[in-house]
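Enquirer: Just query11.cif, nothing more (mmCIF, C-alpha atoms):
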data_my_file
#
loop_
_atom_site.label_atom_id
_atom_site.label_comp_id
_atom_site.auth_asym_id
_atom_site.auth_seq_id
_atom_site.Cartn_x
_atom_site.Cartn_y
_atom_site.Cartn_z
CA MET A 1 55.60 66.00 74.58
CA LEU A 2 54.66 64.86 78.09
CA THR A 3 52.60 66.98 80.42
CA VAL A 4 53.85 67.55 83.97
CA THR A 5 51.29 65.04 85.24
CA GLU A 6 52.38 62.41 82.70
CA LEU A 7 56.06 62.98 83.50
CA ARG A 8 55.49 62.63 87.23
CA ALA A 9 53.46 59.44 86.71
CA ALA A 10 56.20 57.97 84.48
CA VAL A 11 58.89 58.77 87.07
CA GLU A 12 56.83 57.45 89.99
CA HIS A 13 56.12 54.24 88.07
CA ARG A 14 59.85 53.48 88.04
CA LEU A 15 60.47 54.21 91.73
CA ASP A 16 60.17 51.97 94.74
CA GLU A 17 57.90 52.96 97.63
CA ALA A 18 60.63 54.83 99.53
CA GLY A 19 61.62 56.72 96.38
CA ARG A 20 58.03 57.77 95.70
CA ALA A 21 57.65 58.96 99.31
CA TRP A 22 60.88 60.97 99.12
CA LEU A 23 59.91 62.52 95.77
CA ASP A 24 56.47 63.46 97.05
CA SER A 25 57.97 65.08 100.15
CA ALA A 26 60.63 66.95 98.14
CA LEU A 27 58.07 68.28 95.65
CA THR A 28 55.72 69.34 98.46
CA ASP A 29 58.55 71.16 100.27
CA ALA A 30 59.63 72.88 97.05
CA ALA A 31 56.08 74.05 96.35
CA LYS A 32 55.72 75.44 99.87
CA SER A 33 59.06 77.23 100.00
CA GLY A 34 58.84 79.12 96.73
CA PRO A 35 61.66 81.36 95.48
CA CYS A 36 63.95 83.03 98.01
CA PRO A 37 65.96 85.56 95.98
CA ASP A 38 67.59 87.13 99.07
CA ALA A 39 68.68 83.81 100.64
CA SER A 40 72.40 83.41 101.21
CA GLY A 41 72.52 79.70 100.28
CA PRO A 42 70.95 77.33 97.83
CA ALA A 43 67.18 76.95 97.74
CA ARG A 44 65.65 73.81 99.26
CA TRP A 45 64.78 72.44 95.83
CA GLU A 46 68.40 72.83 94.73
CA LEU A 47 69.58 70.75 97.67
CA ASP A 48 66.91 68.13 96.99
CA PHE A 49 67.81 68.02 93.30
CA ALA A 50 71.48 67.54 94.13
CA SER A 51 70.75 64.72 96.59
CA ALA A 52 67.99 62.95 94.65
CA GLY A 53 70.29 60.16 93.45
CA ARG A 54 71.02 59.19 97.05
CA HIS A 55 67.33 59.05 97.99
CA VAL A 56 65.60 57.74 94.90
CA ARG A 57 66.45 54.34 93.48
CA THR A 58 64.71 52.38 90.80
CA PRO A 59 63.87 48.76 91.62
CA GLN A 60 66.25 46.23 90.13
#
Could you render the structure from this file as structure tokens?
Expert:
Amino acid sequence: MLTVTELRAAVEHRLDEAGRAWLDSALTDAAKSGPCPDASGPARWELDFASAGRHVRTPQ
């Protein structure tokens, strides 16, 4: 089983520079925001997860 560090390294290895930058920013934002149980909408990480395919592409 992969550790979190190994998983992140494997994912980043497959991304282009823009994808790595977006992933880093999304993970940083998610870590800063933390859970918001009383929020009326989706959490930031949920929005990022849903839009990841539009921001992160693997090189062809």
Enquirer: Starting from the displayed file, determine the output of the PyMOL selection byres ((chain A and resi 10-21) around 8) and express the residue list as number ranges by chain.
Expert: A: 6-9, 22-25, 55-59
Enquirer: In Å to one decimal, how far is atom CA of A:Pro42 from atom CA of A:Leu2?
Expert: 28.5 Å
Enquirer: What is the atom CA of A:Asp29-atom CA of A:Ala50 distance in Å, reported with one decimal?
Expert: 14.8 Å
Enquirer: For the file shown, what are the residues hit by the PyMOL selection byres ((chain A and resi 44) around 12), laid out as an mmCIF file with C-alpha atoms, in the frame of the given file?
Expert:
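For reference, result-v1.cif as written:
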data_model
loop_
_atom_site.group_PDB
_atom_site.id
_atom_site.type_symbol
_atom_site.label_atom_id
_atom_site.label_comp_id
_atom_site.auth_asym_id
_atom_site.auth_seq_id
_atom_site.Cartn_x
_atom_site.Cartn_y
_atom_site.Cartn_z
ATOM 1 C CA SER A 25 57.970 65.080 100.150
ATOM 2 C CA ALA A 26 60.630 66.950 98.140
ATOM 3 C CA LEU A 27 58.070 68.280 95.650
ATOM 4 C CA THR A 28 55.720 69.340 98.460
ATOM 5 C CA ASP A 29 58.550 71.160 100.270
ATOM 6 C CA ALA A 30 59.630 72.880 97.050
ATOM 7 C CA ALA A 31 56.080 74.050 96.350
ATOM 8 C CA LYS A 32 55.720 75.440 99.870
ATOM 9 C CA SER A 33 59.060 77.230 100.000
ATOM 10 C CA GLY A 34 58.840 79.120 96.730
ATOM 11 C CA PRO A 35 61.660 81.360 95.480
ATOM 12 C CA CYS A 36 63.950 83.030 98.010
ATOM 13 C CA ALA A 39 68.680 83.810 100.640
ATOM 14 C CA SER A 40 72.400 83.410 101.210
ATOM 15 C CA GLY A 41 72.520 79.700 100.280
ATOM 16 C CA PRO A 42 70.950 77.330 97.830
ATOM 17 C CA ALA A 43 67.180 76.950 97.740
ATOM 18 C CA TRP A 45 64.780 72.440 95.830
ATOM 19 C CA GLU A 46 68.400 72.830 94.730
ATOM 20 C CA LEU A 47 69.580 70.750 97.670
ATOM 21 C CA ASP A 48 66.910 68.130 96.990
ATOM 22 C CA PHE A 49 67.810 68.020 93.300
ATOM 23 C CA ALA A 50 71.480 67.540 94.130
ATOM 24 C CA SER A 51 70.750 64.720 96.590
#
Enquirer: Starting from the structure just given, write a file holding chain A with C-alpha atoms, as a PDB file, in the first residue's frame.
Expert:
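Below you can see out.pdb, which holds the result:
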ATOM      1  CA  MET A   1       0.000   0.000   0.000  1.00  0.00           C
ATOM      2  CA  LEU A   2       1.259   3.485  -0.861  1.00  0.00           C
ATOM      3  CA  THR A   3       1.845   6.132   1.753  1.00  0.00           C
ATOM      4  CA  VAL A   4       0.362   9.597   1.217  1.00  0.00           C
ATOM      5  CA  THR A   5       3.802  10.884   0.249  1.00  0.00           C
ATOM      6  CA  GLU A   6       4.321   8.078  -2.276  1.00  0.00           C
ATOM      7  CA  LEU A   7       0.853   8.604  -3.753  1.00  0.00           C
ATOM      8  CA  ARG A   8       1.391  12.335  -4.164  1.00  0.00           C
ATOM      9  CA  ALA A   9       4.798  11.753  -5.781  1.00  0.00           C
ATOM     10  CA  ALA A  10       3.293   9.205  -8.202  1.00  0.00           C
ATOM     11  CA  VAL A  11       0.488  11.600  -9.176  1.00  0.00           C
ATOM     12  CA  GLU A  12       2.833  14.584  -9.551  1.00  0.00           C
ATOM     13  CA  HIS A  13       5.170  12.499 -11.724  1.00  0.00           C
ATOM     14  CA  ARG A  14       2.375  12.097 -14.284  1.00  0.00           C
ATOM     15  CA  LEU A  15       1.336  15.772 -14.366  1.00  0.00           C
ATOM     16  CA  ASP A  16       2.658  18.624 -16.445  1.00  0.00           C
ATOM     17  CA  GLU A  17       3.981  21.758 -14.741  1.00  0.00           C
ATOM     18  CA  ALA A  18       0.609  23.553 -14.756  1.00  0.00           C
ATOM     19  CA  GLY A  19      -1.105  20.478 -13.311  1.00  0.00           C
ATOM     20  CA  ARG A  20       1.441  20.182 -10.509  1.00  0.00           C
ATOM     21  CA  ALA A  21       1.026  23.886  -9.684  1.00  0.00           C
ATOM     22  CA  TRP A  22      -2.771  23.567  -9.598  1.00  0.00           C
ATOM     23  CA  LEU A  23      -2.632  20.433  -7.426  1.00  0.00           C
ATOM     24  CA  ASP A  24      -0.221  22.074  -4.999  1.00  0.00           C
ATOM     25  CA  SER A  25      -2.450  25.137  -4.719  1.00  0.00           C
ATOM     26  CA  ALA A  26      -5.619  23.055  -4.274  1.00  0.00           C
ATOM     27  CA  LEU A  27      -4.034  20.898  -1.562  1.00  0.00           C
ATOM     28  CA  THR A  28      -2.673  23.969   0.239  1.00  0.00           C
ATOM     29  CA  ASP A  29      -6.092  25.661   0.150  1.00  0.00           C
ATOM     30  CA  ALA A  30      -7.796  22.488   1.407  1.00  0.00           C
ATOM     31  CA  ALA A  31      -5.343  22.177   4.300  1.00  0.00           C
ATOM     32  CA  LYS A  32      -5.875  25.809   5.295  1.00  0.00           C
ATOM     33  CA  SER A  33      -9.663  25.789   5.096  1.00  0.00           C
ATOM     34  CA  GLY A  34     -10.346  22.699   7.164  1.00  0.00           C
ATOM     35  CA  PRO A  35     -13.866  21.379   7.761  1.00  0.00           C
ATOM     36  CA  CYS A  36     -16.777  23.816   7.743  1.00  0.00           C
ATOM     37  CA  PRO A  37     -19.738  21.820   9.091  1.00  0.00           C
ATOM     38  CA  ASP A  38     -22.048  24.865   9.261  1.00  0.00           C
ATOM     39  CA  ALA A  39     -21.316  26.094   5.709  1.00  0.00           C
ATOM     40  CA  SER A  40     -24.310  26.308   3.401  1.00  0.00           C
ATOM     41  CA  GLY A  41     -22.461  25.109   0.280  1.00  0.00           C
ATOM     42  CA  PRO A  42     -19.800  22.630  -0.681  1.00  0.00           C
ATOM     43  CA  ALA A  43     -16.384  22.833   0.935  1.00  0.00           C
ATOM     44  CA  ARG A  44     -13.505  24.248  -1.114  1.00  0.00           C
ATOM     45  CA  TRP A  45     -11.924  20.807  -1.472  1.00  0.00           C
ATOM     46  CA  GLU A  46     -15.186  19.436  -2.878  1.00  0.00           C
ATOM     47  CA  LEU A  47     -15.223  22.108  -5.568  1.00  0.00           C
ATOM     48  CA  ASP A  48     -11.558  21.467  -6.366  1.00  0.00           C
ATOM     49  CA  PHE A  49     -12.139  17.712  -6.523  1.00  0.00           C
ATOM     50  CA  ALA A  50     -15.056  18.197  -8.898  1.00  0.00           C
ATOM     51  CA  SER A  51     -13.063  20.491 -11.192  1.00  0.00           C
ATOM     52  CA  ALA A  52      -9.713  18.670 -11.078  1.00  0.00           C
ATOM     53  CA  GLY A  53     -10.197  17.084 -14.504  1.00  0.00           C
ATOM     54  CA  ARG A  54     -10.435  20.528 -16.094  1.00  0.00           C
ATOM     55  CA  HIS A  55      -7.249  21.758 -14.426  1.00  0.00           C
ATOM     56  CA  VAL A  56      -4.981  18.742 -14.318  1.00  0.00           C
ATOM     57  CA  ARG A  57      -3.900  17.011 -17.506  1.00  0.00           C
ATOM     58  CA  THR A  58      -1.307  14.346 -17.999  1.00  0.00           C
ATOM     59  CA  PRO A  59       1.266  14.974 -20.743  1.00  0.00           C
ATOM     60  CA  GLN A  60       0.595  13.100 -23.958  1.00  0.00           C
TER      61      GLN A  60
END
